[in-house]
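Enquirer: protein_29.cif is reproduced in full below (mmCIF, C-alpha atoms and all ligand atoms).
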data_query
#
loop_
_atom_site.label_atom_id
_atom_site.label_comp_id
_atom_site.auth_asym_id
_atom_site.auth_seq_id
_atom_site.Cartn_x
_atom_site.Cartn_y
_atom_site.Cartn_z
CA MET A 1 222.91 -126.88 190.10
CA SER A 2 226.38 -125.38 190.43
CA SER A 3 224.79 -122.09 191.59
CA TRP A 4 222.92 -123.96 194.36
CA ALA A 5 226.12 -125.72 195.43
CA SER A 6 227.48 -122.48 196.93
CA LYS A 7 224.39 -121.86 199.10
CA HIS A 8 225.13 -124.38 201.89
CA PHE A 9 221.81 -126.21 201.91
CA SER A 10 221.28 -129.07 204.34
CA PHE A 11 220.90 -132.64 203.03
CA ALA A 12 217.12 -132.22 203.28
CA GLY A 13 217.24 -128.93 201.33
CA ARG A 14 219.28 -130.51 198.55
CA LEU A 15 216.96 -133.52 198.45
CA GLN A 16 213.98 -131.15 198.08
CA LEU A 17 215.64 -129.33 195.17
CA ILE A 18 216.47 -132.59 193.41
CA SER A 19 213.02 -134.14 193.84
CA SER A 20 211.00 -131.04 192.97
CA VAL A 21 213.16 -129.18 190.41
CA ILE A 22 215.61 -131.59 188.75
CA GLN A 23 213.23 -134.54 188.62
CA GLY A 24 210.49 -132.24 187.31
CA ILE A 25 212.72 -131.17 184.40
CA THR A 26 213.87 -134.72 183.63
CA THR A 27 210.27 -135.99 183.79
CA PHE A 28 209.37 -133.44 181.11
CA TRP A 29 212.24 -134.58 178.85
CA CYS A 30 211.42 -138.27 179.44
CA SER A 31 207.84 -137.61 178.36
CA THR A 32 209.15 -136.43 175.00
CA PHE A 33 212.25 -138.50 174.26
CA ILE A 34 213.91 -141.74 175.27
CA LEU A 35 217.09 -140.32 176.77
CA PRO A 36 220.41 -142.08 175.96
CA LYS A 37 221.83 -144.14 178.84
CA LYS A 38 224.92 -141.94 178.92
CA VAL A 39 222.77 -138.84 179.52
CA ILE A 40 220.81 -140.61 182.28
CA LYS A 41 224.02 -141.72 184.01
CA GLU A 42 225.43 -138.19 183.85
CA VAL A 43 222.22 -136.61 185.25
CA GLU A 44 222.14 -139.14 188.11
CA ARG A 45 225.88 -138.62 188.77
CA LEU A 46 225.33 -134.85 189.03
CA CYS A 47 222.34 -135.31 191.37
CA ALA A 48 224.31 -137.71 193.61
CA ALA A 49 227.28 -135.33 193.74
CA PHE A 50 224.98 -132.42 194.64
CA LEU A 51 223.12 -134.40 197.31
CA TRP A 52 226.16 -135.80 199.12
CA GLN A 53 228.89 -133.26 198.42
CA SER A 54 226.96 -130.09 197.53
CA SER A 55 229.02 -129.93 194.35
CA THR A 56 228.67 -131.08 190.76
CA GLU A 57 232.17 -132.52 190.57
CA SER A 58 232.74 -135.52 192.82
CA THR A 59 230.45 -138.37 193.82
CA ARG A 60 232.97 -139.56 196.43
CA GLY A 61 231.58 -139.81 199.92
CA ALA A 62 228.10 -140.99 198.89
CA LYS A 63 226.56 -142.49 202.04
CA VAL A 64 223.92 -144.53 200.21
CA ASN A 65 224.05 -145.60 196.56
CA TRP A 66 221.76 -143.83 194.11
CA LEU A 67 219.54 -146.80 193.26
CA SER A 68 218.76 -147.37 196.96
CA LEU A 69 217.56 -143.75 197.19
CA CYS A 70 215.19 -144.41 194.33
CA HIS A 71 212.78 -146.51 196.38
CA PRO A 72 209.66 -145.13 198.08
CA LYS A 73 210.19 -143.98 201.67
CA GLN A 74 208.17 -146.92 203.03
CA GLU A 75 210.74 -149.23 201.37
CA GLY A 76 213.71 -147.46 202.98
CA GLY A 77 214.57 -145.04 200.14
CA LEU A 78 214.08 -141.30 199.72
CA GLY A 79 211.22 -141.47 197.22
CA LEU A 80 213.33 -140.31 194.26
CA ARG A 81 212.62 -141.87 190.88
CA SER A 82 215.24 -143.81 188.97
CA LEU A 83 215.57 -141.98 185.68
CA MET A 84 216.36 -145.28 183.94
CA HIS A 85 212.94 -146.67 184.93
CA TRP A 86 211.12 -143.36 184.51
CA ASN A 87 212.58 -142.99 181.01
CA VAL A 88 210.95 -146.26 180.00
CA ALA A 89 207.72 -145.57 181.90
CA TRP A 90 206.81 -142.47 179.95
CA PRO A 91 207.20 -143.30 176.28
CA LEU A 92 205.54 -146.73 176.42
CA VAL A 93 202.57 -145.30 174.56
CA GLU A 94 204.86 -143.94 171.88
CA ASN A 95 206.88 -147.18 171.80
CA PHE A 96 203.86 -149.33 171.24
CA GLY A 97 201.92 -146.84 169.14
CA ALA A 98 202.10 -145.91 165.46
CA GLN A 99 205.41 -147.64 164.75
CA ILE A 100 204.10 -150.99 165.94
CA VAL A 101 200.97 -150.66 163.83
CA GLN A 102 203.15 -149.89 160.81
CA ASP A 103 205.44 -152.86 161.56
CA SER A 104 202.47 -155.17 161.92
CA GLY A 105 201.19 -154.43 158.40
CA PHE A 106 197.68 -153.57 159.70
CA SER A 107 195.91 -150.33 158.81
CA SER A 108 195.91 -147.60 161.47
CA GLN A 109 192.13 -148.04 161.80
CA ALA A 110 192.37 -151.83 162.29
CA LYS A 111 190.31 -153.26 165.13
CA LEU A 112 191.19 -156.14 167.39
CA GLU A 113 188.93 -158.49 165.44
CA VAL A 114 191.61 -158.77 162.70
CA VAL A 115 193.83 -160.74 165.11
CA VAL A 116 191.09 -162.74 166.84
CA ASN A 117 189.65 -166.02 165.68
CA GLY A 118 186.90 -167.28 168.00
CA ASN A 119 188.42 -167.15 171.49
CA PHE A 120 192.03 -167.32 170.25
CA TRP A 121 194.63 -164.95 168.86
CA LYS A 122 195.58 -165.26 165.19
CA TRP A 123 198.60 -162.99 164.95
CA PRO A 124 200.57 -162.90 161.67
CA PRO A 125 204.33 -163.58 161.99
CA ALA A 126 205.96 -160.74 164.00
CA ARG A 127 208.01 -158.34 161.89
CA SER A 128 209.79 -156.62 164.79
CA PRO A 129 211.10 -157.67 168.24
CA GLN A 130 208.62 -155.29 169.92
CA LEU A 131 205.70 -156.87 168.08
CA LEU A 132 206.95 -160.31 169.11
CA ASP A 133 207.08 -159.15 172.77
CA ILE A 134 203.50 -157.89 172.57
CA GLN A 135 202.27 -161.14 171.02
CA ILE A 136 204.01 -163.24 173.69
CA VAL A 137 202.56 -161.16 176.55
CA LEU A 138 199.05 -161.11 175.06
CA CYS A 139 199.00 -164.85 174.29
CA ASP A 140 200.27 -165.55 177.79
CA ARG A 141 197.93 -163.32 179.80
CA LEU A 142 194.81 -162.39 177.87
CA TYR A 143 192.16 -164.47 176.17
CA PRO A 144 190.08 -162.60 173.59
CA LYS A 145 186.33 -162.96 173.17
CA GLU A 146 185.16 -162.48 169.61
CA ARG A 147 181.98 -160.61 170.46
CA ASP A 148 183.51 -158.16 172.97
CA LYS A 149 183.87 -154.52 171.91
CA ASP A 150 187.38 -153.15 171.28
CA ILE A 151 188.45 -151.08 174.29
CA VAL A 152 191.84 -149.83 175.47
CA ILE A 153 192.83 -151.04 178.96
CA TRP A 154 196.05 -150.68 180.94
CA ILE A 155 196.48 -153.79 183.06
CA PRO A 156 198.89 -152.42 185.74
CA SER A 157 196.40 -149.73 186.75
CA ALA A 158 193.37 -150.57 188.91
CA SER A 159 191.33 -148.03 186.94
CA ARG A 160 192.52 -149.67 183.67
CA THR A 161 193.71 -146.29 182.36
CA TYR A 162 197.34 -145.44 181.58
CA THR A 163 199.28 -143.24 184.00
CA ALA A 164 203.06 -142.85 183.92
CA GLY A 165 203.16 -142.93 187.76
CA ARG A 166 201.39 -146.31 188.00
CA THR A 167 203.56 -147.68 185.19
CA TRP A 168 206.71 -146.60 187.00
CA HIS A 169 205.54 -148.42 190.16
CA TRP A 170 204.82 -151.49 188.08
CA ILE A 171 208.23 -151.77 186.40
CA ARG A 172 210.52 -150.58 189.22
CA SER A 173 212.31 -153.12 191.43
CA LYS A 174 210.44 -153.43 194.72
CA GLN A 175 211.79 -153.86 198.26
CA SER A 176 209.92 -155.03 201.33
CA SER A 177 208.47 -152.33 203.57
CA VAL A 178 210.66 -151.15 206.47
CA PRO A 179 209.06 -151.00 209.95
CA TRP A 180 210.55 -147.58 210.80
CA HIS A 181 209.41 -145.38 207.89
CA ARG A 182 206.53 -143.76 209.84
CA LEU A 183 208.94 -142.98 212.65
CA VAL A 184 211.16 -140.96 210.29
CA TRP A 185 208.79 -139.55 207.66
CA PHE A 186 205.53 -137.99 208.86
CA SER A 187 203.44 -134.93 208.05
CA ARG A 188 204.85 -132.52 210.66
CA GLN A 189 208.43 -133.73 210.39
CA ILE A 190 211.44 -131.42 210.51
CA PRO A 191 213.05 -132.42 207.16
CA LYS A 192 216.63 -131.92 208.37
CA HIS A 193 216.03 -134.13 211.41
CA SER A 194 214.21 -136.76 209.36
CA PHE A 195 217.14 -137.02 206.95
CA ILE A 196 219.65 -137.46 209.78
CA SER A 197 217.40 -140.07 211.49
CA TRP A 198 217.15 -141.93 208.16
CA LEU A 199 220.96 -141.97 207.88
CA ALA A 200 221.32 -143.06 211.53
CA ILE A 201 218.89 -145.97 211.13
CA LEU A 202 220.76 -147.11 208.01
CA ASP A 203 224.02 -146.76 210.02
CA ARG A 204 225.46 -144.37 207.41
CA LEU A 205 226.33 -141.39 209.62
CA THR A 206 229.99 -140.40 209.40
CA THR A 207 230.92 -141.60 212.88
CA LYS A 208 234.51 -142.14 213.95
CA ALA A 209 233.98 -145.92 213.86
CA ARG A 210 233.00 -145.66 210.18
CA GLN A 211 235.93 -143.35 209.43
CA LYS A 212 238.26 -145.87 211.06
CA LYS A 213 237.24 -148.45 208.43
CA TRP A 214 238.78 -146.25 205.72
CA SER A 215 241.63 -144.75 207.82
CA PRO A 216 242.78 -147.28 210.46
CA ASN A 217 244.96 -144.66 212.22
CA ILE A 218 241.95 -142.63 213.37
CA ASP A 219 241.19 -142.79 217.11
CA ASP A 220 237.51 -143.79 217.24
CA THR A 221 236.98 -143.18 220.96
CA CYS A 222 233.76 -141.27 221.76
CA VAL A 223 234.59 -137.62 222.59
CA LEU A 224 231.53 -137.30 224.85
CA CYS A 225 232.42 -140.03 227.35
CA ASN A 226 235.94 -141.11 226.32
CA ASN A 227 234.73 -144.64 226.79
CA GLY A 228 233.84 -146.82 223.83
CA SER A 229 233.96 -146.71 220.05
CA GLU A 230 231.89 -143.93 218.46
CA THR A 231 229.25 -145.93 216.57
CA VAL A 232 225.67 -144.82 215.86
CA GLU A 233 224.38 -147.18 218.58
CA HIS A 234 226.88 -145.77 221.05
CA LEU A 235 226.17 -142.10 220.24
CA PHE A 236 222.38 -142.42 220.48
CA PHE A 237 221.95 -145.10 223.19
CA LYS A 238 225.01 -146.57 224.96
CA CYS A 239 226.99 -143.39 225.67
CA SER A 240 226.70 -142.07 229.25
CA TYR A 241 225.82 -138.64 227.80
CA ALA A 242 223.03 -140.19 225.67
CA LYS A 243 221.74 -142.04 228.75
CA CYS A 244 221.44 -138.71 230.61
CA VAL A 245 219.42 -137.28 227.71
CA TRP A 246 217.15 -140.36 227.69
CA LYS A 247 216.60 -139.98 231.46
CA ARG A 248 215.52 -136.33 231.01
CA LEU A 249 213.22 -137.37 228.16
CA SER A 250 211.71 -140.09 230.34
CA VAL A 251 210.83 -137.47 232.97
CA MET A 252 209.25 -135.17 230.35
CA SER A 253 207.37 -137.88 228.44
CA GLU A 254 206.42 -141.54 228.63
CA ILE A 255 209.45 -142.64 226.56
CA PRO A 256 211.44 -145.17 228.61
CA TYR A 257 215.18 -145.66 228.34
CA LEU A 258 215.82 -147.81 225.26
CA ASP A 259 219.26 -149.06 224.36
CA SER A 260 219.10 -149.65 220.58
CA TRP A 261 217.39 -148.48 217.39
CA GLN A 262 215.70 -151.86 217.20
CA GLN A 263 214.10 -151.37 220.64
CA LEU A 264 213.12 -147.79 219.79
CA VAL A 265 211.48 -148.84 216.52
CA LEU A 266 209.63 -151.66 218.32
CA TRP A 267 208.46 -149.37 221.13
CA MET A 268 207.41 -146.55 218.77
CA GLY A 269 205.77 -148.98 216.32
CA LYS A 270 203.08 -149.77 218.90
CA ARG A 271 202.41 -146.08 219.66
CA ILE A 272 202.57 -144.15 216.39
CA ARG A 273 199.53 -145.49 214.61
CA LYS A 274 197.31 -142.58 215.68
CA LYS A 275 197.90 -139.15 214.14
CA SER A 276 197.38 -137.09 217.32
CA LEU A 277 199.50 -134.09 218.28
CA TYR A 278 200.94 -136.08 221.18
CA GLN A 279 202.07 -138.88 218.84
CA THR A 280 203.69 -136.29 216.57
CA LEU A 281 205.54 -134.74 219.53
CA ILE A 282 206.81 -138.17 220.55
CA LYS A 283 208.14 -138.72 217.02
CA LEU A 284 209.76 -135.28 216.96
CA MET A 285 211.56 -136.12 220.22
ZN ZN V 1 230.20 -141.91 224.49
#
Render the structure in this file as structure tokens.

Expert:
Amino acid sequence: MSSWASKHFSFAGRLQLISSVIQGITTFWCSTFILPKKVIKEVERLCAAFLWQSSTESTRGAKVNWLSLCHPKQEGGLGLRSLMHWNVAWPLVENFGAQIVQDSGFSSQAKLEVVVNGNFWKWPPARSPQLLDIQIVLCDRLYPKERDKDIVIWIPSASRTYTAGRTWHWIRSKQSSVPWHRLVWFSRQIPKHSFISWLAILDRLTTKARQKKWSPNIDDTCVLCNNGSETVEHLFFKCSYAKCVWKRLSVMSEIPYLDSWQQLVLWMGKRIRKKSLYQTLIKLM
């Protein structure tokens, strides 16, 4: 990662390296071991430092906290996976495999019928906390039928088979869907532009108005019009320069002048459902 830091990648380039290379490596390790929390924190600290500062030293200046990035794009994140959740998602099979059978006192070939009596469970006293957890969940959610065959099912998955990806979706904390995600992330996007749009919509661009919050002596007047505080809304909509750009765009396309992100998202929301080339061009604008 330190060798990448000197190559001056854009935010989008760094995000791509983290999601495809770093998360690929950590996924492999998580599939084999339960990583200590300290290791997970250090890996996530390094990734955050690389994403925001293009270094492996400092995490200062992070525009969005790491956990918020670890939500799917339709929920306002960047689609990264929280290593803490992923670490648990992978070894569930190992966690609740041979060790549990040994703790339970059953033989490794035991079938479900040894813990079923009629249509009820007849579990022996739990000998480990994990076994107790399993018994509580089973007694709460599933009702056995004595004559059914023993089969392995994975409840969180619609296909009833275990996949680490589905399990991760099941255990991660979920957010409500954001109305603007299709405006920012789409198949023919320019990644660098999408990342900046994502930051702008979250109001996390380093504008002068934001800098003034940390350093009150900074003059936050817009350098384009010298009239008004340089906020995201001002730069993209209220500024006289921005209004000129919007007027030109209106002549070239059907986009009217809109004076806030909220209006833009509302206007685009009604027009970006189709995947035509024209719709893509509108989104790229
Ligand atoms: Zn201005």

Enquirer: Record the distance separating CA of Leu78 (chain A) and CA of Val39 (chain A), expressed in Å with one decimal.

Expert: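 Atom-to-atom, CA of Leu78 (chain A) and CA of Val39 (chain A) are spaced 22.1 Å apart.
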
Enquirer: From the list A:Gln175, A:Thr26, A:Gln130, A:Asn119, which residue is nearest Gly77 (chain A) when using only C-alpha atoms?

Expert: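 Using only C-alpha atoms, the shortest distance to Gly77 (chain A) belongs to A:Gln175.
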
Enquirer: Around ligand ZN 1 (chain V), out to 12 Å and counting all atoms listed in the file, which residues are there? I want them as a PyMOL selection string.

Expert: chain A and resi 207-209+220-244

Enquirer: What does the distance from CA of Ile100 (chain A) to CA of Arg127 (chain A) come to in Å, to one decimal?

Expert: 9.3 Å

Enquirer: Just how far from CA of Val265 (chain A) is CA of Trp180 (chain A), in Å to one decimal?

Expert: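 CA of Val265 (chain A) lies 5.9 Å from CA of Trp180 (chain A).
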
Enquirer: For a quick check of understanding, using only C-alpha atoms, which of A:Trp52, A:Phe106, A:Trp86, A:Trp168 has the smallest distance to Val64 (chain A)?

Expert: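 Counting only C-alpha atoms, the residue closest to Val64 (chain A) is A:Trp52.
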
Enquirer: Counting only C-alpha atoms, which residues of region 46-132 of chain A fall within 12 Å of region 194-204 of chain A, and what is the closest atom pair for each with its distance in Å at one decimal, ordered by chain and rising number, as a Markdown table?

Expert:
| residue | atom | partner | partner_atom | distance |
| --- | --- | --- | --- | --- |
| A:Leu51 | CA | A:Phe195 | CA | 11.6 |
| A:Trp52 | CA | A:Leu199 | CA | 11.9 |
| A:Gly61 | CA | A:Arg204 | CA | 10.7 |
| A:Ala62 | CA | A:Arg204 | CA | 9.5 |
| A:Lys63 | CA | A:Arg204 | CA | 5.8 |
| A:Val64 | CA | A:Arg204 | CA | 7.4 |
| A:Asn65 | CA | A:Arg204 | CA | 11.0 |
| A:Ser68 | CA | A:Leu202 | CA | 11.2 |
| A:Leu69 | CA | A:Trp198 | CA | 11.1 |
| A:Lys73 | CA | A:Trp198 | CA | 9.7 |
| A:Gln74 | CA | A:Trp198 | CA | 11.5 |
| A:Glu75 | CA | A:Trp198 | CA | 11.9 |
| A:Gly76 | CA | A:Trp198 | CA | 8.3 |
| A:Gly77 | CA | A:Trp198 | CA | 9.0 |
| A:Leu78 | CA | A:Phe195 | CA | 8.9 |

Enquirer: Please save C-alpha atoms of the selected residues as an mmCIF file, in the coordinates of the input.

Expert:
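The file below, part_16.cif, is the result:
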data_model
loop_
_atom_site.group_PDB
_atom_site.id
_atom_site.type_symbol
_atom_site.label_atom_id
_atom_site.label_comp_id
_atom_site.auth_asym_id
_atom_site.auth_seq_id
_atom_site.Cartn_x
_atom_site.Cartn_y
_atom_site.Cartn_z
ATOM 1 C CA LEU A 51 223.120 -134.400 197.310
ATOM 2 C CA TRP A 52 226.160 -135.800 199.120
ATOM 3 C CA GLY A 61 231.580 -139.810 199.920
ATOM 4 C CA ALA A 62 228.100 -140.990 198.890
ATOM 5 C CA LYS A 63 226.560 -142.490 202.040
ATOM 6 C CA VAL A 64 223.920 -144.530 200.210
ATOM 7 C CA ASN A 65 224.050 -145.600 196.560
ATOM 8 C CA SER A 68 218.760 -147.370 196.960
ATOM 9 C CA LEU A 69 217.560 -143.750 197.190
ATOM 10 C CA LYS A 73 210.190 -143.980 201.670
ATOM 11 C CA GLN A 74 208.170 -146.920 203.030
ATOM 12 C CA GLU A 75 210.740 -149.230 201.370
ATOM 13 C CA GLY A 76 213.710 -147.460 202.980
ATOM 14 C CA GLY A 77 214.570 -145.040 200.140
ATOM 15 C CA LEU A 78 214.080 -141.300 199.720
#

Enquirer: Counting only C-alpha atoms, which residues sit no farther than 8 Å from the position (212.0, -144.7, 189.0) in the file's frame? I'd like them as a compact mmCIF listing (two decimals) with C-alpha atoms, keeping the file's coordinate frame.

Expert:
# COMPACT_ATOMS: atom_id res chain seq x y z
CA CYS A 70 215.19 -144.41 194.33
CA HIS A 71 212.78 -146.51 196.38
CA LEU A 80 213.33 -140.31 194.26
CA ARG A 81 212.62 -141.87 190.88
CA SER A 82 215.24 -143.81 188.97
CA LEU A 83 215.57 -141.98 185.68
CA MET A 84 216.36 -145.28 183.94
CA HIS A 85 212.94 -146.67 184.93
CA TRP A 86 211.12 -143.36 184.51
CA TRP A 168 206.71 -146.60 187.00
CA HIS A 169 205.54 -148.42 190.16
CA ARG A 172 210.52 -150.58 189.22

Enquirer: Please list as a list in words every residue within 10 Å of Ser104 (chain A), counting all atoms listed in the file and excluding residues in the same chain fewer than 2 positions away.

Expert: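 Neighbouring residues, sequence-local ones excluded: Ala98, Gln99, Ile100, Val101, Gln102, Phe106, Ser107, Trp123, Pro124, Pro125, Ala126, Arg127, Ser128, Leu131 and Leu132 of chain A.
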